[in-house]
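Printed here is structure.pdb (PDB, C-alpha atoms):
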ATOM      1  CA  MET A1364      84.669 156.676  15.372
ATOM      2  CA  THR A1365      85.891 159.813  17.117
ATOM      3  CA  LEU A1366      83.881 161.855  14.656
ATOM      4  CA  ALA A1367      80.797 159.866  15.499
ATOM      5  CA  ALA A1368      81.477 160.208  19.209
ATOM      6  CA  THR A1369      81.907 163.957  18.959
ATOM      7  CA  THR A1370      78.767 164.237  16.834
ATOM      8  CA  VAL A1371      76.789 162.294  19.385
ATOM      9  CA  ALA A1372      78.239 164.283  22.244
ATOM     10  CA  ALA A1373      77.637 167.589  20.509
ATOM     11  CA  SER A1374      73.997 166.858  19.768
ATOM     12  CA  GLY A1375      73.404 165.799  23.359
ATOM     13  CA  THR A1376      71.907 162.395  22.590
ATOM     14  CA  PRO A1377      72.827 159.147  24.312
ATOM     15  CA  GLY A1378      75.306 156.850  22.618
ATOM     16  CA  PHE A1379      74.791 153.367  21.303
ATOM     17  CA  LEU A1380      76.812 151.768  24.077
ATOM     18  CA  SER A1381      74.305 152.570  26.823
ATOM     19  CA  PRO A1382      70.975 151.404  25.425
ATOM     20  CA  THR A1383      67.762 152.042  27.244
ATOM     21  CA  GLY A1384      65.293 149.312  28.133
ATOM     22  CA  VAL A1385      63.010 150.222  25.240
ATOM     23  CA  GLU A1386      65.934 149.914  22.850
ATOM     24  CA  ILE A1387      66.882 146.486  24.166
ATOM     25  CA  ALA A1388      63.283 145.304  23.808
ATOM     26  CA  PHE A1389      63.100 146.781  20.318
ATOM     27  CA  LEU A1390      66.343 145.036  19.352
ATOM     28  CA  LEU A1391      65.227 141.630  20.653
ATOM     29  CA  VAL A1392      61.802 141.788  19.022
ATOM     30  CA  GLY A1393      63.468 143.072  15.853
ATOM     31  CA  LEU A1394      65.785 140.054  15.773
ATOM     32  CA  VAL A1395      62.804 137.718  16.132
ATOM     33  CA  THR A1396      60.936 139.598  13.392
ATOM     34  CA  LEU A1397      63.872 139.522  11.010
ATOM     35  CA  GLY A1398      64.498 135.839  11.677
ATOM     36  CA  ALA A1399      60.863 134.998  11.026
ATOM     37  CA  ALA A1400      60.947 137.032   7.806
ATOM     38  CA  LEU A1401      64.090 135.196   6.664
ATOM     39  CA  VAL A1402      62.465 131.828   7.361
ATOM     40  CA  THR A1403      59.364 133.006   5.483
ATOM     41  CA  VAL A1404      61.303 133.676   2.299
ATOM     42  CA  THR A1405      63.561 130.639   2.510
ATOM     43  CA  THR A1406      61.477 127.717   3.795
ATOM     44  CA  ARG A1407      60.411 125.022   1.383
ATOM     45  CA  GLN A1408      57.128 124.280   3.110
ATOM     46  CA  LEU A1409      54.491 126.639   1.830
ATOM     47  CA  VAL A1410      52.137 126.527   4.821
ATOM     48  CA  HIS A1411      55.052 127.063   7.199
ATOM     49  CA  ALA A1412      55.956 130.197   5.247
ATOM     50  CA  ALA A1413      52.497 131.620   5.920
ATOM     51  CA  LEU A1414      52.738 130.713   9.607
ATOM     52  CA  TRP A1415      56.167 132.316   9.970
ATOM     53  CA  LEU A1416      54.709 135.385   8.296
ATOM     54  CA  VAL A1417      52.328 135.576  11.279
ATOM     55  CA  VAL A1418      55.352 135.751  13.605
ATOM     56  CA  ALA A1419      56.970 138.481  11.524
ATOM     57  CA  LEU A1420      53.823 140.599  11.319
ATOM     58  CA  GLY A1421      53.079 140.126  15.026
ATOM     59  CA  GLY A1422      56.619 141.186  15.860
ATOM     60  CA  LEU A1423      56.091 144.314  13.802
ATOM     61  CA  ALA A1424      52.931 145.034  15.804
ATOM     62  CA  VAL A1425      55.019 144.847  18.990
ATOM     63  CA  GLU A1426      57.521 147.252  17.426
ATOM     64  CA  TYR A1427      54.686 149.694  16.747
ATOM     65  CA  LEU A1428      53.653 149.418  20.391
ATOM     66  CA  LEU A1429      57.237 150.160  21.478
ATOM     67  CA  LEU A1430      57.175 153.223  19.218
ATOM     68  CA  THR A1431      53.982 154.333  21.068
ATOM     69  CA  ALA A1432      51.829 153.967  17.943
ATOM     70  CA  GLU A1433      49.249 151.751  19.543
ATOM     71  CA  PHE A1434      46.365 152.282  17.114
ATOM     72  CA  ILE A1435      48.584 151.216  14.203
ATOM     73  CA  ALA A1436      49.636 148.181  16.223
ATOM     74  CA  TRP A1437      46.071 146.997  16.734
ATOM     75  CA  VAL A1438      45.178 147.691  13.123
ATOM     76  CA  GLN A1439      48.220 145.627  12.150
ATOM     77  CA  VAL A1440      47.035 142.740  14.309
ATOM     78  CA  LEU A1441      43.472 142.954  12.968
ATOM     79  CA  ILE A1442      44.190 143.414   9.270
ATOM     80  CA  TYR A1443      47.437 141.560   8.704
ATOM     81  CA  VAL A1444      47.521 138.793  11.261
ATOM     82  CA  GLY A1445      43.745 138.436  11.273
ATOM     83  CA  SER A1446      42.787 138.583   7.654
ATOM     84  CA  VAL A1447      45.689 138.764   5.216
ATOM     85  CA  VAL A1448      47.358 135.611   6.529
ATOM     86  CA  VAL A1449      44.037 133.765   6.589
ATOM     87  CA  LEU A1450      43.505 134.899   3.004
ATOM     88  CA  LEU A1451      46.970 133.626   2.050
ATOM     89  CA  LEU A1452      46.266 130.270   3.694
ATOM     90  CA  PHE A1453      42.976 130.050   1.775
ATOM     91  CA  GLY A1454      44.887 130.837  -1.401
ATOM     92  CA  LEU A1455      47.428 128.112  -0.655
ATOM     93  CA  MET A1456      44.631 125.608  -0.097
ATOM     94  CA  LEU A1457      42.647 126.589  -3.182
ATOM     95  CA  THR A1458      45.691 126.336  -5.457
ATOM     96  CA  LYS A1459      46.339 122.815  -4.118
ATOM     97  CA  ALA A1460      49.691 123.685  -2.608
ATOM     98  CA  PRO A1461      51.607 120.615  -1.515
ATOM     99  CA  ILE A1462      51.721 119.878   2.202
ATOM    100  CA  GLY A1463      55.289 119.224   3.245
ATOM    101  CA  ARG A1464      58.445 120.003   1.368
ATOM    102  CA  SER A1465      58.100 121.148  -2.201
ATOM    103  CA  PRO A1466      61.409 121.013  -4.045
ATOM    104  CA  ASP A1467      60.550 123.772  -6.505
ATOM    105  CA  ALA A1468      59.646 126.558  -4.083
ATOM    106  CA  ASP A1469      62.676 128.575  -5.193
ATOM    107  CA  SER A1470      63.333 129.415  -8.801
ATOM    108  CA  GLY A1471      66.640 129.079 -10.580
ATOM    109  CA  ASN A1472      67.703 132.683 -10.176
ATOM    110  CA  ARG A1473      68.153 132.346  -6.430
ATOM    111  CA  TRP A1474      71.780 133.417  -6.411
ATOM    112  CA  ALA A1475      71.106 136.492  -8.538
ATOM    113  CA  ALA A1476      68.282 137.378  -6.152
ATOM    114  CA  LEU A1477      70.584 136.875  -3.168
ATOM    115  CA  THR A1478      73.204 139.132  -4.752
ATOM    116  CA  VAL A1479      70.682 141.883  -5.434
ATOM    117  CA  ALA A1480      69.154 141.640  -1.956
ATOM    118  CA  VAL A1481      72.504 141.685  -0.135
ATOM    119  CA  ALA A1482      73.738 144.610  -2.219
ATOM    120  CA  ALA A1483      70.539 146.541  -1.537
ATOM    121  CA  ALA A1484      70.741 145.713   2.187
ATOM    122  CA  VAL A1485      74.347 146.888   2.468
ATOM    123  CA  ALA A1486      73.647 150.114   0.578
ATOM    124  CA  LEU A1487      70.457 150.912   2.489
ATOM    125  CA  VAL A1488      71.884 150.126   5.926
ATOM    126  CA  TRP A1489      75.005 152.149   5.203
ATOM    127  CA  VAL A1490      73.056 155.186   4.041
ATOM    128  CA  VAL A1491      70.498 154.984   6.850
ATOM    129  CA  VAL A1492      73.083 154.565   9.602
ATOM    130  CA  ASP A1493      75.198 157.345   8.162
ATOM    131  CA  ALA A1494      72.213 159.677   7.976
ATOM    132  CA  PHE A1495      70.429 158.969  11.275
ATOM    133  CA  ARG A1496      73.325 157.962  13.516
ATOM    134  CA  ALA A1497      72.750 160.791  15.958
ATOM    135  CA  THR A1498      68.983 161.207  15.721
ATOM    136  CA  TRP A1499      67.080 160.504  18.879
ATOM    137  CA  ILE A1500      63.372 159.757  19.201
ATOM    138  CA  ASP A1501      61.974 161.124  22.442
ATOM    139  CA  LEU A1502      59.466 158.509  23.555
ATOM    140  CA  ASP A1503      58.584 160.159  26.861
ATOM    141  CA  GLY A1504      55.461 162.186  27.445
ATOM    142  CA  PRO A1505      52.078 161.493  25.873
ATOM    143  CA  ALA A1506      51.953 158.759  23.282
ATOM    144  CA  ALA A1507      52.240 159.897  19.683
ATOM    145  CA  GLY A1508      49.810 157.382  18.273
ATOM    146  CA  THR A1509      46.914 156.791  20.616
ATOM    147  CA  THR A1510      43.506 156.191  19.124
ATOM    148  CA  GLU A1511      42.446 159.695  20.085
ATOM    149  CA  VAL A1512      45.378 161.412  18.391
ATOM    150  CA  THR A1513      45.222 159.239  15.294
ATOM    151  CA  GLY A1514      41.464 159.610  14.959
ATOM    152  CA  ALA A1515      41.604 163.371  15.367
ATOM    153  CA  SER A1516      44.268 163.794  12.712
ATOM    154  CA  LEU A1517      42.618 161.263  10.398
ATOM    155  CA  PHE A1518      39.185 162.855  10.494
ATOM    156  CA  ARG A1519      40.358 166.439  10.672
ATOM    157  CA  HIS A1520      43.112 166.568   8.058
ATOM    158  CA  TRP A1521      42.774 163.357   6.072
ATOM    159  CA  VAL A1522      39.040 162.983   5.518
ATOM    160  CA  LEU A1523      39.110 163.240   1.738
ATOM    161  CA  PRO A1524      41.804 160.542   1.216
ATOM    162  CA  PHE A1525      39.954 158.407   3.757
ATOM    163  CA  GLU A1526      36.721 158.568   1.752
ATOM    164  CA  ALA A1527      38.580 157.987  -1.508
ATOM    165  CA  LEU A1528      40.091 154.911   0.113
ATOM    166  CA  SER A1529      36.642 153.525   0.858
ATOM    167  CA  VAL A1530      35.773 153.853  -2.838
ATOM    168  CA  LEU A1531      38.998 152.028  -3.673
ATOM    169  CA  LEU A1532      38.112 149.220  -1.283
ATOM    170  CA  LEU A1533      34.693 148.928  -2.911
ATOM    171  CA  ALA A1534      36.315 148.746  -6.335
ATOM    172  CA  ALA A1535      38.712 146.067  -5.092
ATOM    173  CA  LEU A1536      35.787 144.095  -3.647
ATOM    174  CA  VAL A1537      33.894 144.157  -6.930
ATOM    175  CA  GLY A1538      37.074 143.348  -8.814
ATOM    176  CA  ALA A1539      37.818 140.327  -6.617
ATOM    177  CA  ILE A1540      34.269 139.031  -7.081
ATOM    178  CA  VAL A1541      34.435 139.456 -10.858
ATOM    179  CA  LEU A1542      37.869 137.832 -11.082
ATOM    180  CA  SER A1543      37.005 134.814  -8.977
ATOM    181  CA  ARG A1544      33.676 134.166 -10.697
ATOM    182  CA  LYS A1545      33.555 131.382 -13.222
ATOM    183  CA  ALA A1546      33.023 132.364 -16.811
ATOM    184  CA  ARG A1547      29.842 130.334 -17.270
ATOM    185  CA  ALA A1548      26.931 131.367 -15.132
ATOM    186  CA  ASP A1549      25.652 127.814 -14.611
ATOM    187  CA  ALA A1550      28.831 126.715 -12.859
ATOM    188  CA  GLY A1551      28.129 128.732  -9.744
ATOM    189  CA  PRO A1552      30.555 130.764  -7.653
ATOM    190  CA  ALA A1553      33.992 129.215  -7.577
ATOM    191  CA  ALA A1554      36.003 130.623  -4.746
ATOM    192  CA  PRO A1555      34.111 132.430  -2.008
ATOM    193  CA  GLY A1556      36.065 133.699   0.949
ATOM    194  CA  LYS A1557      38.114 136.409  -0.673
ATOM    195  CA  GLU A1558      35.540 139.068   0.021
ATOM    196  CA  GLY A1559      34.886 138.528   3.683
ATOM    197  CA  ALA A1560      38.267 139.695   4.864
ATOM    198  CA  ARG A1561      37.780 143.379   4.371
TER     199      ARG A1561
ATOM    200  CA  MET B 782      65.323 155.483  21.171
ATOM    201  CA  HIS B 783      67.751 155.970  18.337
ATOM    202  CA  LEU B 784      66.044 156.436  14.994
ATOM    203  CA  ALA B 785      68.679 154.148  13.500
ATOM    204  CA  TYR B 786      67.162 151.037  15.099
ATOM    205  CA  PRO B 787      63.764 151.098  13.331
ATOM    206  CA  ALA B 788      65.344 152.450  10.147
ATOM    207  CA  VAL B 789      67.884 149.619   9.953
ATOM    208  CA  LEU B 790      65.266 146.986  10.809
ATOM    209  CA  SER B 791      63.028 148.397   8.111
ATOM    210  CA  ALA B 792      65.826 148.325   5.528
ATOM    211  CA  LEU B 793      66.683 144.717   6.368
ATOM    212  CA  LEU B 794      63.036 143.621   6.218
ATOM    213  CA  PHE B 795      62.639 145.344   2.873
ATOM    214  CA  CYS B 796      65.651 143.511   1.458
ATOM    215  CA  THR B 797      64.324 140.216   2.822
ATOM    216  CA  GLY B 798      61.092 140.830   0.945
ATOM    217  CA  LEU B 799      63.069 141.809  -2.144
ATOM    218  CA  TYR B 800      64.909 138.485  -2.039
ATOM    219  CA  GLY B 801      61.600 136.669  -1.666
ATOM    220  CA  VAL B 802      60.033 138.437  -4.635
ATOM    221  CA  LEU B 803      63.021 137.660  -6.845
ATOM    222  CA  ALA B 804      63.731 134.107  -5.716
ATOM    223  CA  ARG B 805      60.351 132.526  -5.084
ATOM    224  CA  ARG B 806      58.523 130.520  -7.717
ATOM    225  CA  ASN B 807      55.058 130.096  -6.236
ATOM    226  CA  ALA B 808      52.891 133.165  -6.842
ATOM    227  CA  ILE B 809      51.436 133.135  -3.325
ATOM    228  CA  LEU B 810      54.922 133.143  -1.805
ATOM    229  CA  VAL B 811      55.702 136.158  -3.979
ATOM    230  CA  LEU B 812      52.612 137.870  -2.555
ATOM    231  CA  MET B 813      53.847 137.107   0.989
ATOM    232  CA  SER B 814      57.175 138.738   0.173
ATOM    233  CA  VAL B 815      55.361 141.802  -1.164
ATOM    234  CA  GLU B 816      53.560 142.000   2.170
ATOM    235  CA  LEU B 817      56.933 141.960   3.954
ATOM    236  CA  MET B 818      58.162 144.869   1.825
ATOM    237  CA  LEU B 819      55.006 146.870   2.529
ATOM    238  CA  ASN B 820      55.395 146.247   6.247
ATOM    239  CA  ALA B 821      58.983 147.474   6.157
ATOM    240  CA  VAL B 822      57.760 150.718   4.607
ATOM    241  CA  ASN B 823      55.059 150.985   7.278
ATOM    242  CA  LEU B 824      57.622 150.644  10.069
ATOM    243  CA  ASN B 825      59.656 153.448   8.515
ATOM    244  CA  LEU B 826      56.592 155.675   8.241
ATOM    245  CA  VAL B 827      55.602 155.129  11.871
ATOM    246  CA  ALA B 828      59.125 155.672  13.214
ATOM    247  CA  PHE B 829      59.633 158.891  11.290
ATOM    248  CA  ASP B 830      56.175 160.113  12.261
ATOM    249  CA  VAL B 831      56.873 159.575  15.957
ATOM    250  CA  TRP B 832      60.217 161.325  15.568
ATOM    251  CA  LEU B 833      58.793 164.319  13.704
ATOM    252  CA  SER B 834      55.801 164.703  16.014
ATOM    253  CA  ARG B 835      58.285 165.368  18.831
ATOM    254  CA  ALA B 836      61.241 166.961  17.103
ATOM    255  CA  ALA B 837      59.390 169.235  14.687
ATOM    256  CA  LYS B 838      56.060 169.546  16.552
ATOM    257  CA  GLU B 839      54.311 168.118  13.531
ATOM    258  CA  THR B 840      50.598 167.731  14.282
ATOM    259  CA  LEU B 841      49.279 166.386  10.990
ATOM    260  CA  HIS B 842      50.461 162.839  11.820
ATOM    261  CA  SER B 843      50.879 162.253   8.124
ATOM    262  CA  GLY B 844      53.075 159.208   8.665
ATOM    263  CA  GLN B 845      50.487 157.339  10.677
ATOM    264  CA  ALA B 846      47.662 158.341   8.325
ATOM    265  CA  LEU B 847      49.723 157.121   5.387
ATOM    266  CA  THR B 848      50.444 153.882   7.270
ATOM    267  CA  LEU B 849      46.720 153.251   7.687
ATOM    268  CA  PHE B 850      46.177 153.942   3.995
ATOM    269  CA  THR B 851      49.013 151.580   3.092
ATOM    270  CA  ILE B 852      47.518 148.828   5.245
ATOM    271  CA  ALA B 853      44.113 149.247   3.577
ATOM    272  CA  ILE B 854      45.624 149.276   0.098
ATOM    273  CA  ALA B 855      47.686 146.193   0.964
ATOM    274  CA  ALA B 856      44.497 144.396   1.994
ATOM    275  CA  ALA B 857      42.882 145.336  -1.327
ATOM    276  CA  GLU B 858      46.041 144.281  -3.174
ATOM    277  CA  ILE B 859      46.171 140.863  -1.542
ATOM    278  CA  GLY B 860      42.501 140.257  -2.393
ATOM    279  CA  ILE B 861      42.920 141.168  -6.040
ATOM    280  CA  GLY B 862      46.250 139.341  -6.244
ATOM    281  CA  LEU B 863      44.822 136.121  -4.845
ATOM    282  CA  ALA B 864      41.823 136.382  -7.180
ATOM    283  CA  ILE B 865      44.212 136.652 -10.137
ATOM    284  CA  VAL B 866      46.311 133.736  -8.859
ATOM    285  CA  LEU B 867      43.183 131.603  -8.458
ATOM    286  CA  ALA B 868      41.976 132.517 -11.961
ATOM    287  CA  VAL B 869      45.378 131.569 -13.392
ATOM    288  CA  HIS B 870      45.364 128.336 -11.397
ATOM    289  CA  ARG B 871      41.910 127.466 -12.717
ATOM    290  CA  ASN B 872      42.871 128.140 -16.327
ATOM    291  CA  ARG B 873      46.389 126.725 -16.350
ATOM    292  CA  GLY B 874      46.469 124.291 -13.453
ATOM    293  CA  THR B 875      49.544 125.924 -11.953
ATOM    294  CA  SER B 876      50.524 128.872  -9.821
ATOM    295  CA  ASP B 877      54.172 128.611 -10.856
ATOM    296  CA  ILE B 878      55.208 131.991 -12.201
ATOM    297  CA  ASP B 879      58.132 130.516 -14.121
ATOM    298  CA  LYS B 880      55.681 128.684 -16.380
ATOM    299  CA  LEU B 881      53.615 131.744 -17.281
ATOM    300  CA  ARG B 882      55.773 132.854 -20.173
ATOM    301  CA  ASP B 883      53.253 133.692 -22.883
ATOM    302  CA  THR B 884      54.412 137.250 -23.293
ATOM    303  CA  ALA B 885      58.119 136.450 -22.890
ATOM    304  CA  GLU B 886      60.557 137.270 -25.661
ATOM    305  CA  GLY B 887      63.458 135.123 -26.660
ATOM    306  CA  PRO B 888      64.030 131.637 -28.006
ATOM    307  CA  ASP B 889      61.537 129.786 -25.806
ATOM    308  CA  ALA B 890      58.741 132.230 -26.485
ATOM    309  CA  ALA B 891      57.574 130.115 -29.405
ATOM    310  CA  GLY B 892      57.035 127.099 -27.153
ATOM    311  CA  PRO B 893      53.815 128.023 -25.353
ATOM    312  CA  GLY B 894      52.559 129.952 -28.372
ATOM    313  CA  THR B 895      52.520 126.929 -30.708
ATOM    314  CA  GLU B 896      50.780 124.453 -28.459
ATOM    315  CA  GLY B 897      47.397 125.970 -29.158
ATOM    316  CA  PRO B 898      46.577 129.589 -29.731
ATOM    317  CA  GLY B 899      43.070 129.261 -28.416
ATOM    318  CA  THR B 900      43.553 128.238 -24.799
ATOM    319  CA  PRO B 901      46.129 130.782 -23.578
ATOM    320  CA  ALA B 902      44.314 133.646 -25.250
ATOM    321  CA  ALA B 903      41.021 132.545 -23.776
ATOM    322  CA  GLY B 904      42.648 132.117 -20.389
ATOM    323  CA  LYS B 905      44.131 135.584 -20.494
ATOM    324  CA  ALA B 906      40.863 137.064 -21.660
ATOM    325  CA  GLU B 907      39.085 135.420 -18.773
ATOM    326  CA  ALA B 908      41.735 136.371 -16.283
ATOM    327  CA  THR B 909      41.629 140.008 -17.291
ATOM    328  CA  ALA B 910      37.881 140.234 -17.714
TER     329      ALA B 910
END
Could I get this structure in the form of C-alpha cells?
Amino acid sequence: MTLAATTVAASGTPGFLSPTGVEIAFLLVGLVTLGAALVTVTTRQLVHAALWLVVALGGLAVEYLLLTAEFIAWVQVLIYVGSVVVLLLFGLMLTKAPIGRSPDADSGNRWAALTVAVAAAVALVWVVVDAFRATWIDLDGPAAGTTEVTGASLFRHWVLPFEALSVLLLAALVGAIVLSRKARADAGPAAPGKEGAR
Amino acid sequence: MHLAYPAVLSALLFCTGLYGVLARRNAILVLMSVELMLNAVNLNLVAFDVWLSRAAKETLHSGQALTLFTIAIAAAEIGIGLAIVLAVHRNRGTSDIDKLRDTAEGPDAAGPGTEGPGTPAAGKAEATA
C-alpha cells in the first residue's frame, strides 16, 4: 500500500481515493454494463438475454463517449444496438426459441465454466491492476476520437485495410446468402433478413 | 481518468463472455457471449488508444481504426454465424450445441453415427456448401 502510494505520488498522478467526476460516471455506467452482461449470460429467458445485451452494448457506447471516442460510440450504437441485436432477435425467432423460461438454457458444465471464468477474471484483473495502477489518461484538451480525427487517420493511414474490409464484407454477404438458401431451387428463399443489416 | 478503470471493466466483461460461451447451450446465446467478448476487446483498444494519443503523441490512431475493423468483422461474423445456426436448425430441428456431436470421440460417438449415415452427412454437406 505504501509502495503504491509512493508510486502514485512519484508519478504525479491523482490517487484512487479522490476520483474525478468522469471517473465516477465511468464507474456507475460500468457497473450497469457489467450487471447487464451478467444477466445476459445467466438468464433463462432467451429473448430477455438479447434485450439485456442491448443494455450492455449501450452502456459500452456511453463508456466510449466518456473516453472521448465519440465516432466509435455512434458506430457502436448503429452497428451493435441497431443491427446485431435485431439480427440475434431474428435468429431467435427463426429457430423457434421458446418464449418464457427454458430449463435447458445452460449446459451441464456450468460449474466448470464458472471456475474457468472466475480464475481468468482474477488473473486478468490482478495483472491489469498491477500493471496500470499509476497510469493516467489525460482527457482534457481536444477529443481524441472525433469524427474528423478518426476519418483523417482512417483514410490517410488505414486505407488499404479499409478497402480489404469491404471485400470481406462482400464475401460475408455472399456467404450468408448461400448458407441460408434452401438446397432445392423450387423451395424459394428460406430466411431473408440476414443480409439487410450490413 | 485512471487507465485501470476501463482495463478492469474490459477484463471483467471478457470473463463474463467467456462464462457465457462455456456454459450456454443454445447456439444463439453462445453468439451473444462472443459479442460480449469482442466488445470487451474494443473497450481495451479505445482506452489504450486515447491514452497513447496523449502520452506518446501517437497520431496513427491505430486503436480506434482497429476497433472499427473489429466492429465490421463482428457484424460479418454474426451474419455468417446466424446463417450456419439457421442451416443447422433446418436440417436437425435443433439449435442445441450439446446435441451436435457427430464428430465427437468417445463412447457416445457411435450413437448419432448409427441412426442413419445418410442424413447427418447430407446435413453437413448442405451446411458447409
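With all atoms listed in the file as the atoms that count, the residue of B:Ala857, B:Val866, B:Leu826, B:Leu812 with the shortest distance to A:Val1537 is B:Ala857.
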Residues of chain B within 6 Å of chain A: nearest atom pair and distance (Å, one decimal) for each, counting all atoms listed in the file, sorted by chain and number, as CSV?
residue,atom,partner,partner_atom,distance
B:Met782,CA,A:Ile1500,CA,5.1
B:His783,CA,A:Trp1499,CA,4.6
B:Leu784,CA,A:Thr1498,CA,5.7
B:Ala785,CA,A:Phe1495,CA,5.6
B:Val789,CA,A:Val1488,CA,5.7
B:Leu793,CA,A:Ala1484,CA,5.9
B:Cys796,CA,A:Ala1480,CA,5.2
B:Tyr800,CA,A:Ala1480,CA,5.3
B:Gly801,CA,A:Val1404,CA,5.0
B:Leu803,CA,A:Ala1476,CA,5.3
B:Ala804,CA,A:Arg1473,CA,4.8
B:Arg805,CA,A:Asp1469,CA,4.6
B:Arg806,CA,A:Ser1470,CA,5.1
B:Val831,CA,A:Ala1507,CA,6.0
B:Trp832,CA,A:Ile1500,CA,5.1
B:Leu841,CA,A:Ser1516,CA,5.9
B:Ala857,CA,A:Ala1535,CA,5.7
B:Ile861,CA,A:Ala1539,CA,5.2
B:Ala864,CA,A:Ser1543,CA,5.4
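Taking atom CA of B:Asn825 as the reference point, atom CA of B:Leu849 is found at 13.0 Å.
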Residue with smallest distance to B:Ala846 - pool A:Val1530, A:Leu1380, A:Leu1523, A:Leu1428, counting all atoms listed in the file: A:Leu1523
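Atom pair atom CA of B:Ala788 / atom CA of B:Ala828 has a distance of 7.6 Å (rounded to one decimal).
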Ground truth for the PyMOL selection byres ((chain B and resi 818) around 9), written as a ChimeraX atom specification: /B:791,794-799,813-817,819-823
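Here atom CA of A:Val1392 stands at a distance of 11.1 Å from atom CA of B:Pro787.
Taking all atoms listed in the file into account, B:Ser876 lies nearest to A:Met1456 out of the set A:Met1456, A:Thr1510, A:Ser1381, A:Val1522.
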